[in-house]
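**Q** Attaching a single structure in structure tokens format; questions to follow.
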Amino acid sequence: MSEIALQMNCSECRRRNLTVLPFKDYRLHIPQLASSFQRQFELYCGACQKVVARHEFLIDANGNLLSSPLSMPLSAPMVDEATRSINTQFIRDVQDISYLLSIQFPSVLDEDGEVLFPANEGTIQDGTSVDRYGRPDLMAGSAEEYLRQFNALMPREQLPARLIEIMPALLILVTATELAIKAYLIRSDKHQKGNHSLSKLFNQLDTEQIARIEESFACLEICSKLTALGENAPRVIDILELYSSTYGDVSNVYMDCRYYAEPTSNFRKSSSLHGETLLKPHTPYPIFLPEVVKVLIENYWFFSGPERLRRLGADIRSDSGTPRYGESRTWGLIPASLGLIVIVMPQRAAKGPDGEELNKFQNFRQRHPTGFTANWGYGGDTLLFYRAGGNQISSGVTTGQGLEYKIYDSERLSMRSRDMYLLADALNQADNGSDVLGLLSPLKSAD
């Protein structure tokens, strides 16, 4: 660690003249981190002749870094001697994610001053935020993680000794399926709360999506082999219905995995099973469902807004690399590649202090109407989308009707993934004879 620290410049004199003072290690009395140590150290600058920085970080038993060094204020003691307490915090910096993960918890030292005991539950967070429209890409990423955890939990190369052994894995798998389907629904503004029926959720998807998912599943080896043998392979909807209705439609696998041992008097009174002694024979042993989840996730990305627009000829590139699990990212679109022109109206020109549209902006929209706009997540700006219609309009800042705004034509426009999806919807509607985009009439500086 001293070699790493010594590569840093002094924050005050800017000279590389730092020395690592003797550090202190504390063992963590936390099961998940039992073989780890919190290391605290100070950096002494020979030029300034004083301690210029304090840091703490997490290491494993071999001294490998598990967290990034966290700077601590010099004014605060490392340990509160009166209460022997430490506000413990660790930061993990993952290179392919644009923000940090932080874990924090209150802790106290034991009598020997060597072990940190957590005083309460900790908190964990990163830069993930969720707004009024949800995070469908993050939902799909969560489905991927749940599927990975199912594969880790499901007994391999052996039969389970008891039904209860597969319950955690089965619950995680059903949750992964639900998350994957709901990612589609949130993205298309069809999300419905309180529904855990996998088949009912699946049937809410667009017809084109259902057809492609079924086709992709039918092409898998597990299904195509059955077809080659003259057997009818199950469809995706057939598999989902098995998990959506059990025991005469009085339960489903999502409920069974959690409440298998509850009294049968919890069944509906109208059910013939209410209060009866029941051997439950309908718990599925998952064979096809993991493959269904894979197909759902793969096609979720196939139907993403950027991919759909690319298939329509759009010139698009990612603004921020390739993050995992649907972290926030924007896309750069050249509107002209789709025959579009986009007007970006700044907040000061479009809205007043109370958020209401200004009269000048309303007049502009009446003169240049369009049925497709975007105004969430753009710093208050409003994006107006139009068909170019042969108009020769150059990109750049212009003025009209007393408003100053920017036109995007051949210049790359930054857009959110959700709006890309909705734009693809709008363009597909136009192909079906219902064009919601306006045709931009000539813009004049004096109009």
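Residue names in the structure tokens use chain letters A, B, ... in the order shown, residue numbers from 1 in each chain, and ligand numbers from 1 in the order shown.
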Can you pull out every residue from segment 115-164 of chain A that DSSP, working from the backbone, puts in strand (DSSP E), and format the result as an NGL selection string?

**A** :A and (115-118 or 123-125)

**Q** I'd like the contact shell of segment 235-239 of chain A - 12 Å cut-off, only C-alpha atoms, skipping same-chain residues fewer than 3 positions apart - returned as number ranges by chain.

**A** A: 174, 177, 181, 197-205, 210-220, 222-224, 226-227, 232, 242-245, 253, 284-296

**Q** I'd like the neighbourhood of Leu58 of chain A as a tab-separated table (two decimals) with C-alpha atoms, in the first residue's frame, where a residue qualifies if any of its atoms comes within 7 Å (using only C-alpha atoms), though same-chain residues fewer than 4 positions away should be ignored.

**A**
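The resulting file, selection_18.tsv, is shown below:
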chain	number	residue	atom	x	y	z
A	36	SER	CA	-11.33	-8.51	5.81
A	37	PHE	CA	-9.64	-5.64	7.61
A	38	GLN	CA	-10.31	-1.94	7.73
A	39	ARG	CA	-6.97	-0.15	7.40
A	65	LEU	CA	-7.53	-3.84	-1.88
A	66	LEU	CA	-11.28	-4.46	-1.70
A	67	SER	CA	-12.26	-0.79	-1.72
A	90	PHE	CA	-16.11	1.93	2.17

**Q** Would you mind listing what lies within 10 Å of Pro306 of chain A as a compact mmCIF listing (two decimals) with N, CA and C atoms, in the first residue's frame, with only C-alpha atoms counted and same-chain residues fewer than 3 positions away left out?

**A**
# COMPACT_ATOMS: atom_id res chain seq x y z
N TRP A 301 -33.40 -6.44 -25.35
CA TRP A 301 -32.40 -5.56 -25.94
C TRP A 301 -32.60 -5.44 -27.45
N PHE A 302 -33.08 -6.50 -28.10
CA PHE A 302 -33.37 -6.43 -29.54
C PHE A 302 -34.41 -5.36 -29.82
N PHE A 303 -35.39 -5.24 -28.93
CA PHE A 303 -36.48 -4.27 -29.11
C PHE A 303 -36.20 -2.92 -28.43
N LEU A 309 -34.42 1.92 -33.85
CA LEU A 309 -34.14 3.06 -34.73
C LEU A 309 -33.01 2.73 -35.71
N ARG A 310 -32.03 1.96 -35.26
CA ARG A 310 -30.96 1.56 -36.18
C ARG A 310 -31.53 0.76 -37.34
N ARG A 311 -32.49 -0.12 -37.05
CA ARG A 311 -33.09 -0.91 -38.11
C ARG A 311 -33.90 -0.06 -39.08
N LEU A 312 -34.26 1.16 -38.63
CA LEU A 312 -34.95 2.10 -39.51
C LEU A 312 -33.98 3.01 -40.24
N ALA A 314 -31.29 4.78 -38.65
CA ALA A 314 -30.78 5.88 -37.84
C ALA A 314 -29.27 5.78 -37.64
N ASP A 315 -28.63 6.93 -37.62
CA ASP A 315 -27.22 7.05 -37.26
C ASP A 315 -27.17 7.35 -35.76
N ILE A 316 -26.81 6.32 -34.96
CA ILE A 316 -26.84 6.42 -33.50
C ILE A 316 -25.53 5.90 -32.95
N ARG A 317 -25.07 6.52 -31.89
CA ARG A 317 -23.95 5.96 -31.15
C ARG A 317 -24.17 6.24 -29.66
N SER A 318 -23.60 5.36 -28.84
CA SER A 318 -23.71 5.53 -27.39
C SER A 318 -22.83 6.67 -26.94
N TRP A 331 -27.84 8.58 -25.70
CA TRP A 331 -27.47 8.18 -27.05
C TRP A 331 -27.42 9.42 -27.94
N GLY A 332 -26.52 9.40 -28.89
CA GLY A 332 -26.41 10.50 -29.82
C GLY A 332 -27.06 10.13 -31.15
N LEU A 333 -28.10 10.84 -31.53
CA LEU A 333 -28.85 10.58 -32.77
C LEU A 333 -28.68 11.74 -33.73
N MET A 415 -30.07 11.94 -26.56
CA MET A 415 -31.41 11.49 -26.19
C MET A 415 -31.34 10.37 -25.17
N ARG A 416 -32.40 10.26 -24.38
CA ARG A 416 -32.53 9.17 -23.42
C ARG A 416 -33.06 7.92 -24.11
N SER A 417 -32.71 6.76 -23.55
CA SER A 417 -33.12 5.49 -24.14
C SER A 417 -34.64 5.38 -24.24
N ARG A 418 -35.34 5.82 -23.21
CA ARG A 418 -36.80 5.71 -23.21
C ARG A 418 -37.41 6.50 -24.36
N ASP A 419 -36.91 7.71 -24.61
CA ASP A 419 -37.47 8.53 -25.69
C ASP A 419 -37.13 7.95 -27.05
N MET A 420 -35.99 7.26 -27.15
CA MET A 420 -35.67 6.56 -28.40
C MET A 420 -36.71 5.49 -28.68
N TYR A 421 -37.12 4.78 -27.64
CA TYR A 421 -38.13 3.73 -27.80
C TYR A 421 -39.46 4.33 -28.26
N LEU A 423 -39.90 7.16 -29.76
CA LEU A 423 -39.74 7.69 -31.11
C LEU A 423 -39.89 6.56 -32.14
N ALA A 424 -39.32 5.41 -31.85
CA ALA A 424 -39.49 4.26 -32.75
C ALA A 424 -40.95 3.88 -32.85

**Q** Rank nothing, just name the residue among A:Ala228, A:Leu171, A:Ala140, A:Leu18 nearest to Ala47 of chain A, using only C-alpha atoms.

**A**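 Checking each candidate against Ala47 of chain A, we get A:Leu18 as the closest.
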
**Q** What is the distance between atom CA of Asp25 of chain A and atom CA of Val115 of chain A, in Å to one decimal?

**A** 8.8 Å

**Q** Taking only C-alpha atoms into account, produce a table as a Markdown table in which each residue of segment 311-387 of chain A with an atom at most 12 Å from an atom of segment 391-414 of chain A appears once, together with its shortest atom pair and the distance in Å to one decimal, ordered by chain and rising number.

**A**
| residue | atom | partner | partner_atom | distance |
| --- | --- | --- | --- | --- |
| A:Ala314 | CA | A:Arg412 | CA | 11.1 |
| A:Asp315 | CA | A:Arg412 | CA | 8.8 |
| A:Ile316 | CA | A:Arg412 | CA | 8.3 |
| A:Arg317 | CA | A:Arg412 | CA | 9.2 |
| A:Ser318 | CA | A:Ser414 | CA | 9.3 |
| A:Asp319 | CA | A:Ser414 | CA | 7.7 |
| A:Ser320 | CA | A:Ser414 | CA | 11.0 |
| A:Arg329 | CA | A:Ser414 | CA | 9.9 |
| A:Thr330 | CA | A:Ser414 | CA | 6.2 |
| A:Trp331 | CA | A:Ser414 | CA | 5.5 |
| A:Gly332 | CA | A:Ser414 | CA | 4.5 |
| A:Leu333 | CA | A:Leu413 | CA | 5.0 |
| A:Ile334 | CA | A:Arg412 | CA | 4.5 |
| A:Pro335 | CA | A:Asp409 | CA | 5.4 |
| A:Ala336 | CA | A:Asp409 | CA | 5.2 |
| A:Ser337 | CA | A:Ser410 | CA | 7.8 |
| A:Leu338 | CA | A:Asp409 | CA | 9.8 |
| A:Gly339 | CA | A:Asp409 | CA | 8.7 |
| A:Leu340 | CA | A:Asp409 | CA | 7.0 |
| A:Ile341 | CA | A:Asp409 | CA | 5.1 |
| A:Val342 | CA | A:Tyr408 | CA | 5.1 |
| A:Ile343 | CA | A:Ile407 | CA | 4.6 |
| A:Val344 | CA | A:Lys406 | CA | 5.2 |
| A:Met345 | CA | A:Tyr405 | CA | 5.0 |
| A:Pro346 | CA | A:Tyr405 | CA | 6.4 |
| A:Gln347 | CA | A:Tyr405 | CA | 9.9 |
| A:Arg348 | CA | A:Glu404 | CA | 9.5 |
| A:Ala349 | CA | A:Leu403 | CA | 6.1 |
| A:Ala350 | CA | A:Leu403 | CA | 8.6 |
| A:Lys351 | CA | A:Leu403 | CA | 11.7 |
| A:Leu358 | CA | A:Leu403 | CA | 10.7 |
| A:Asn359 | CA | A:Gln401 | CA | 10.8 |
| A:Lys360 | CA | A:Gln401 | CA | 7.1 |
| A:Phe361 | CA | A:Leu403 | CA | 7.7 |
| A:Gln362 | CA | A:Gln401 | CA | 10.7 |
| A:Asn363 | CA | A:Gln401 | CA | 8.2 |
| A:Phe364 | CA | A:Gln401 | CA | 6.9 |
| A:Arg365 | CA | A:Gln401 | CA | 10.7 |
| A:Gln366 | CA | A:Gln401 | CA | 11.6 |
| A:Arg367 | CA | A:Gln401 | CA | 9.9 |
| A:His368 | CA | A:Gln401 | CA | 11.3 |
| A:Ala374 | CA | A:Ser414 | CA | 11.6 |
| A:Gly377 | CA | A:Ser414 | CA | 10.8 |
| A:Tyr378 | CA | A:Ser414 | CA | 9.0 |
| A:Gly379 | CA | A:Ser414 | CA | 11.9 |
| A:Asp381 | CA | A:Tyr405 | CA | 9.8 |
| A:Thr382 | CA | A:Tyr405 | CA | 10.0 |
| A:Leu383 | CA | A:Lys406 | CA | 9.7 |
| A:Leu384 | CA | A:Ile407 | CA | 9.6 |
| A:Phe385 | CA | A:Tyr408 | CA | 9.7 |
| A:Tyr386 | CA | A:Asp409 | CA | 10.3 |
| A:Arg387 | CA | A:Asn391 | CA | 9.0 |

**Q** Which of these, A:Gln89, A:Glu241, A:Arg135, A:Asn195, has the shortest distance to Ser102 of chain A once you count only C-alpha atoms?

**A** A:Gln89

**Q** DSSP says helix (DSSP H, G or I) for which residues of segment 107-251 of chain A? Put them as a compact mmCIF listing (two decimals) with N, CA, C and O atoms, in the first residue's frame?

**A**
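Output saved as part-v5.txt:
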# COMPACT_ATOMS: atom_id res chain seq x y z
N PRO A 136 -36.56 0.80 -16.98
CA PRO A 136 -36.77 -0.52 -17.59
C PRO A 136 -35.48 -1.25 -17.91
O PRO A 136 -35.41 -2.48 -17.74
N ASP A 137 -34.43 -0.53 -18.35
CA ASP A 137 -33.17 -1.20 -18.64
C ASP A 137 -32.56 -1.80 -17.37
O ASP A 137 -31.99 -2.89 -17.39
N LEU A 138 -32.70 -1.08 -16.27
CA LEU A 138 -32.21 -1.59 -14.99
C LEU A 138 -33.03 -2.81 -14.55
O LEU A 138 -32.49 -3.76 -13.97
N MET A 139 -34.33 -2.80 -14.83
CA MET A 139 -35.18 -3.94 -14.52
C MET A 139 -34.72 -5.18 -15.28
O MET A 139 -34.64 -6.29 -14.73
N ALA A 140 -34.41 -5.00 -16.57
CA ALA A 140 -33.92 -6.12 -17.37
C ALA A 140 -32.57 -6.60 -16.83
O ALA A 140 -32.30 -7.82 -16.77
N GLY A 141 -31.71 -5.67 -16.41
CA GLY A 141 -30.44 -6.05 -15.81
C GLY A 141 -30.63 -6.82 -14.51
O GLY A 141 -29.87 -7.75 -14.22
N SER A 142 -31.65 -6.44 -13.74
CA SER A 142 -31.95 -7.18 -12.50
C SER A 142 -32.39 -8.60 -12.82
O SER A 142 -32.03 -9.54 -12.10
N ALA A 143 -33.15 -8.77 -13.90
CA ALA A 143 -33.57 -10.11 -14.31
C ALA A 143 -32.35 -10.96 -14.65
O ALA A 143 -32.29 -12.15 -14.30
N GLU A 144 -31.35 -10.36 -15.32
CA GLU A 144 -30.12 -11.08 -15.62
C GLU A 144 -29.42 -11.54 -14.34
O GLU A 144 -28.93 -12.67 -14.25
N GLU A 145 -29.37 -10.65 -13.34
CA GLU A 145 -28.69 -11.00 -12.09
C GLU A 145 -29.46 -12.08 -11.33
O GLU A 145 -28.86 -13.01 -10.77
N TYR A 146 -30.78 -12.00 -11.31
CA TYR A 146 -31.59 -13.03 -10.64
C TYR A 146 -31.40 -14.38 -11.33
O TYR A 146 -31.35 -15.42 -10.67
N LEU A 147 -31.32 -14.38 -12.66
CA LEU A 147 -31.10 -15.64 -13.38
C LEU A 147 -29.73 -16.21 -13.02
O LEU A 147 -29.59 -17.43 -12.83
N ARG A 148 -28.73 -15.36 -12.89
CA ARG A 148 -27.40 -15.83 -12.50
C ARG A 148 -27.44 -16.44 -11.10
O ARG A 148 -26.82 -17.48 -10.85
N GLN A 149 -28.17 -15.83 -10.19
CA GLN A 149 -28.27 -16.35 -8.83
C GLN A 149 -29.06 -17.66 -8.79
O GLN A 149 -28.77 -18.55 -7.99
N PHE A 150 -30.08 -17.79 -9.66
CA PHE A 150 -30.80 -19.07 -9.76
C PHE A 150 -29.84 -20.19 -10.14
O PHE A 150 -29.86 -21.28 -9.55
N ASN A 151 -29.00 -19.94 -11.14
CA ASN A 151 -28.06 -20.96 -11.59
C ASN A 151 -27.08 -21.33 -10.47
O ASN A 151 -26.62 -22.48 -10.41
N ALA A 152 -26.76 -20.38 -9.61
CA ALA A 152 -25.85 -20.67 -8.50
C ALA A 152 -26.53 -21.49 -7.41
O ALA A 152 -25.88 -22.31 -6.74
N LEU A 153 -27.84 -21.28 -7.21
CA LEU A 153 -28.56 -21.94 -6.11
C LEU A 153 -29.13 -23.30 -6.48
O LEU A 153 -29.27 -24.18 -5.63
N LEU A 163 -38.16 -31.13 -1.38
CA LEU A 163 -38.73 -30.06 -2.19
C LEU A 163 -38.22 -28.69 -1.72
O LEU A 163 -37.94 -27.80 -2.54
N ILE A 164 -38.07 -28.53 -0.42
CA ILE A 164 -37.70 -27.22 0.12
C ILE A 164 -36.34 -26.75 -0.40
O ILE A 164 -36.07 -25.55 -0.45
N GLU A 165 -35.49 -27.70 -0.85
CA GLU A 165 -34.18 -27.31 -1.33
C GLU A 165 -34.22 -26.45 -2.59
O GLU A 165 -33.32 -25.64 -2.83
N ILE A 166 -35.23 -26.64 -3.41
CA ILE A 166 -35.27 -25.88 -4.66
C ILE A 166 -36.14 -24.62 -4.54
O ILE A 166 -36.18 -23.81 -5.47
N MET A 167 -36.81 -24.45 -3.39
CA MET A 167 -37.71 -23.31 -3.24
C MET A 167 -37.00 -21.96 -3.41
O MET A 167 -37.50 -21.09 -4.13
N PRO A 168 -35.85 -21.71 -2.76
CA PRO A 168 -35.19 -20.41 -2.96
C PRO A 168 -34.83 -20.16 -4.42
O PRO A 168 -35.06 -19.07 -4.95
N ALA A 169 -34.27 -21.19 -5.07
CA ALA A 169 -33.89 -21.03 -6.48
C ALA A 169 -35.12 -20.80 -7.35
O ALA A 169 -35.11 -19.97 -8.27
N LEU A 170 -36.20 -21.53 -7.07
CA LEU A 170 -37.42 -21.40 -7.87
C LEU A 170 -38.04 -20.02 -7.70
O LEU A 170 -38.49 -19.40 -8.68
N LEU A 171 -38.04 -19.50 -6.48
CA LEU A 171 -38.58 -18.16 -6.24
C LEU A 171 -37.77 -17.12 -7.00
O LEU A 171 -38.32 -16.19 -7.60
N ILE A 172 -36.46 -17.26 -6.97
CA ILE A 172 -35.59 -16.32 -7.68
C ILE A 172 -35.83 -16.40 -9.19
O ILE A 172 -35.86 -15.39 -9.89
N LEU A 173 -36.03 -17.62 -9.70
CA LEU A 173 -36.26 -17.79 -11.14
C LEU A 173 -37.58 -17.16 -11.57
O LEU A 173 -37.65 -16.48 -12.60
N VAL A 174 -38.63 -17.39 -10.79
CA VAL A 174 -39.93 -16.78 -11.11
C VAL A 174 -39.83 -15.26 -11.03
O VAL A 174 -40.40 -14.54 -11.87
N THR A 175 -39.09 -14.76 -10.05
CA THR A 175 -38.90 -13.31 -9.94
C THR A 175 -38.14 -12.78 -11.15
O THR A 175 -38.48 -11.72 -11.69
N ALA A 176 -37.13 -13.50 -11.60
CA ALA A 176 -36.38 -13.09 -12.80
C ALA A 176 -37.30 -13.01 -14.01
O ALA A 176 -37.21 -12.07 -14.81
N THR A 177 -38.20 -13.97 -14.13
CA THR A 177 -39.14 -13.97 -15.26
C THR A 177 -40.06 -12.76 -15.20
O THR A 177 -40.28 -12.07 -16.21
N GLU A 178 -40.60 -12.49 -14.01
CA GLU A 178 -41.49 -11.35 -13.85
C GLU A 178 -40.77 -10.04 -14.14
O GLU A 178 -41.31 -9.15 -14.81
N LEU A 179 -39.55 -9.90 -13.64
CA LEU A 179 -38.79 -8.68 -13.88
C LEU A 179 -38.52 -8.48 -15.37
O LEU A 179 -38.63 -7.37 -15.89
N ALA A 180 -38.18 -9.57 -16.06
CA ALA A 180 -37.88 -9.46 -17.49
C ALA A 180 -39.11 -9.00 -18.27
O ALA A 180 -39.01 -8.13 -19.14
N ILE A 181 -40.27 -9.56 -17.97
CA ILE A 181 -41.49 -9.17 -18.69
C ILE A 181 -41.88 -7.74 -18.34
O ILE A 181 -42.24 -6.94 -19.22
N LYS A 182 -41.80 -7.39 -17.05
CA LYS A 182 -42.19 -6.04 -16.65
C LYS A 182 -41.24 -4.98 -17.20
O LYS A 182 -41.64 -3.82 -17.35
N ALA A 183 -40.01 -5.35 -17.51
CA ALA A 183 -39.10 -4.39 -18.15
C ALA A 183 -39.69 -3.94 -19.48
O ALA A 183 -39.64 -2.76 -19.83
N TYR A 184 -40.25 -4.89 -20.25
CA TYR A 184 -40.93 -4.53 -21.50
C TYR A 184 -42.08 -3.57 -21.24
O TYR A 184 -42.26 -2.57 -21.94
N LEU A 185 -42.89 -3.90 -20.23
CA LEU A 185 -44.12 -3.14 -19.98
C LEU A 185 -43.81 -1.74 -19.48
O LEU A 185 -44.46 -0.77 -19.88
N ILE A 186 -42.81 -1.60 -18.60
CA ILE A 186 -42.44 -0.27 -18.12
C ILE A 186 -41.94 0.59 -19.27
O ILE A 186 -42.28 1.77 -19.39
N ARG A 187 -41.14 -0.01 -20.13
CA ARG A 187 -40.56 0.73 -21.25
C ARG A 187 -41.64 1.26 -22.19
O ARG A 187 -41.50 2.33 -22.76
N LEU A 198 -47.53 -14.57 -14.61
CA LEU A 198 -46.57 -14.45 -15.70
C LEU A 198 -47.25 -14.49 -17.06
O LEU A 198 -46.87 -13.75 -17.98
N SER A 199 -48.27 -15.33 -17.20
CA SER A 199 -48.95 -15.44 -18.50
C SER A 199 -49.74 -14.18 -18.82
O SER A 199 -49.75 -13.70 -19.96
N LYS A 200 -50.41 -13.60 -17.81
CA LYS A 200 -51.17 -12.37 -18.05
C LYS A 200 -50.24 -11.21 -18.39
O LYS A 200 -50.55 -10.39 -19.27
N LEU A 201 -49.12 -11.13 -17.70
CA LEU A 201 -48.14 -10.08 -18.02
C LEU A 201 -47.59 -10.26 -19.42
O LEU A 201 -47.47 -9.29 -20.18
N PHE A 202 -47.27 -11.49 -19.78
CA PHE A 202 -46.71 -11.77 -21.11
C PHE A 202 -47.68 -11.39 -22.21
O PHE A 202 -47.28 -10.85 -23.24
N THR A 207 -47.79 -7.46 -29.99
CA THR A 207 -47.91 -8.67 -30.80
C THR A 207 -46.59 -9.03 -31.47
O THR A 207 -46.20 -10.21 -31.51
N GLU A 208 -45.89 -8.01 -31.99
CA GLU A 208 -44.61 -8.27 -32.65
C GLU A 208 -43.59 -8.84 -31.67
O GLU A 208 -42.81 -9.74 -32.03
N GLN A 209 -43.60 -8.36 -30.44
CA GLN A 209 -42.65 -8.85 -29.45
C GLN A 209 -42.96 -10.29 -29.06
O GLN A 209 -42.06 -11.12 -28.97
N ILE A 210 -44.24 -10.58 -28.84
CA ILE A 210 -44.64 -11.95 -28.49
C ILE A 210 -44.24 -12.91 -29.60
O ILE A 210 -43.69 -13.99 -29.33
N ALA A 211 -44.48 -12.52 -30.86
CA ALA A 211 -44.17 -13.41 -31.98
C ALA A 211 -42.67 -13.70 -32.05
O ALA A 211 -42.26 -14.85 -32.26
N ARG A 212 -41.85 -12.68 -31.86
CA ARG A 212 -40.40 -12.90 -31.95
C ARG A 212 -39.89 -13.72 -30.77
O ARG A 212 -39.01 -14.57 -30.94
N ILE A 213 -40.42 -13.47 -29.58
CA ILE A 213 -40.01 -14.24 -28.40
C ILE A 213 -40.35 -15.71 -28.60
O ILE A 213 -39.53 -16.61 -28.33
N GLU A 214 -41.56 -15.98 -29.07
CA GLU A 214 -41.96 -17.37 -29.32
C GLU A 214 -41.07 -18.01 -30.39
O GLU A 214 -40.66 -19.17 -30.27
N GLU A 215 -40.77 -17.26 -31.44
CA GLU A 215 -39.93 -17.78 -32.51
C GLU A 215 -38.52 -18.07 -32.01
O GLU A 215 -37.93 -19.11 -32.34
N SER A 216 -37.97 -17.17 -31.21
CA SER A 216 -36.63 -17.37 -30.67
C SER A 216 -36.58 -18.60 -29.77
O SER A 216 -35.61 -19.39 -29.81
N PHE A 217 -37.61 -18.76 -28.95
CA PHE A 217 -37.66 -19.91 -28.05
C PHE A 217 -37.78 -21.21 -28.84
O PHE A 217 -37.13 -22.21 -28.52
N ALA A 218 -38.61 -21.21 -29.90
CA ALA A 218 -38.80 -22.42 -30.71
C ALA A 218 -37.53 -22.85 -31.42
O ALA A 218 -37.37 -24.03 -31.75
N GLU A 221 -32.22 -25.28 -29.05
CA GLU A 221 -31.97 -26.71 -29.25
C GLU A 221 -32.95 -27.56 -28.45
O GLU A 221 -33.43 -28.58 -28.94
N ILE A 222 -33.28 -27.12 -27.24
CA ILE A 222 -34.17 -27.91 -26.38
C ILE A 222 -35.55 -28.09 -27.00
O ILE A 222 -36.23 -29.08 -26.76
N CYS A 223 -35.95 -27.13 -27.84
CA CYS A 223 -37.25 -27.21 -28.51
C CYS A 223 -37.13 -27.81 -29.90
O CYS A 223 -37.98 -28.62 -30.32
N SER A 224 -36.11 -27.41 -30.64
CA SER A 224 -35.97 -27.90 -32.02
C SER A 224 -35.72 -29.41 -32.05
O SER A 224 -36.14 -30.09 -33.00
N LYS A 225 -35.07 -29.96 -31.03
CA LYS A 225 -34.89 -31.41 -30.96
C LYS A 225 -36.23 -32.13 -30.84
O LYS A 225 -36.45 -33.17 -31.46
N LEU A 226 -37.14 -31.56 -30.03
CA LEU A 226 -38.47 -32.16 -29.90
C LEU A 226 -39.21 -32.12 -31.22
O LEU A 226 -39.87 -33.10 -31.62
N THR A 227 -39.11 -31.00 -31.92
CA THR A 227 -39.78 -30.88 -33.21
C THR A 227 -39.23 -31.90 -34.20
O THR A 227 -39.99 -32.52 -34.96
N ALA A 228 -37.90 -32.09 -34.19
CA ALA A 228 -37.28 -33.06 -35.09
C ALA A 228 -37.73 -34.49 -34.78
O ALA A 228 -37.78 -35.35 -35.66
N VAL A 236 -43.69 -20.52 -25.21
CA VAL A 236 -43.39 -19.69 -24.05
C VAL A 236 -44.64 -19.52 -23.20
O VAL A 236 -44.61 -19.66 -21.97
N ILE A 237 -45.76 -19.21 -23.83
CA ILE A 237 -47.00 -18.98 -23.07
C ILE A 237 -47.42 -20.25 -22.34
O ILE A 237 -47.96 -20.17 -21.22
N ASP A 238 -47.17 -21.43 -22.91
CA ASP A 238 -47.50 -22.69 -22.23
C ASP A 238 -46.69 -22.84 -20.94
O ASP A 238 -47.23 -23.24 -19.90
N ILE A 239 -45.41 -22.52 -21.02
CA ILE A 239 -44.55 -22.61 -19.84
C ILE A 239 -45.00 -21.62 -18.78
O ILE A 239 -45.13 -21.96 -17.59
N LEU A 240 -45.28 -20.38 -19.19
CA LEU A 240 -45.66 -19.35 -18.23
C LEU A 240 -46.99 -19.68 -17.55
O LEU A 240 -47.17 -19.38 -16.37
N GLU A 241 -47.89 -20.29 -18.27
CA GLU A 241 -49.19 -20.66 -17.66
C GLU A 241 -49.02 -21.72 -16.58
O GLU A 241 -49.77 -21.73 -15.59
N LEU A 242 -48.03 -22.61 -16.73
CA LEU A 242 -47.78 -23.61 -15.69
C LEU A 242 -47.39 -22.96 -14.37
O LEU A 242 -47.70 -23.49 -13.29
N TYR A 243 -46.71 -21.82 -14.46
CA TYR A 243 -46.26 -21.13 -13.25
C TYR A 243 -47.29 -20.11 -12.75
O TYR A 243 -47.17 -19.62 -11.63
N SER A 244 -48.29 -19.83 -13.57
CA SER A 244 -49.27 -18.80 -13.23
C SER A 244 -50.51 -19.34 -12.54
O SER A 244 -51.26 -18.58 -11.93

**Q** Please measure the separation of atom CA of Leu437 of chain A and atom CA of Asp206 of chain A, giving the value in Å to one decimal.

**A**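 One can read the atom CA of Leu437 of chain A to atom CA of Asp206 of chain A distance as 21.4 Å.
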
**Q** Identify which of the residues A:Phe57, A:Phe41, A:Leu101, A:Thr370 lies closest to Leu74 of chain A, counting only C-alpha atoms when measuring atom-to-atom distances.

**A**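 Under the stated criterion, the closest residue is A:Phe41.
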
**Q** Restricting the calculation to only C-alpha atoms, which member of A:Gln40, A:Thr128, A:Ser188, A:Thr277 is positioned closest to Tyr300 of chain A?

**A**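 Closest residue, counting only C-alpha atoms: A:Ser188.
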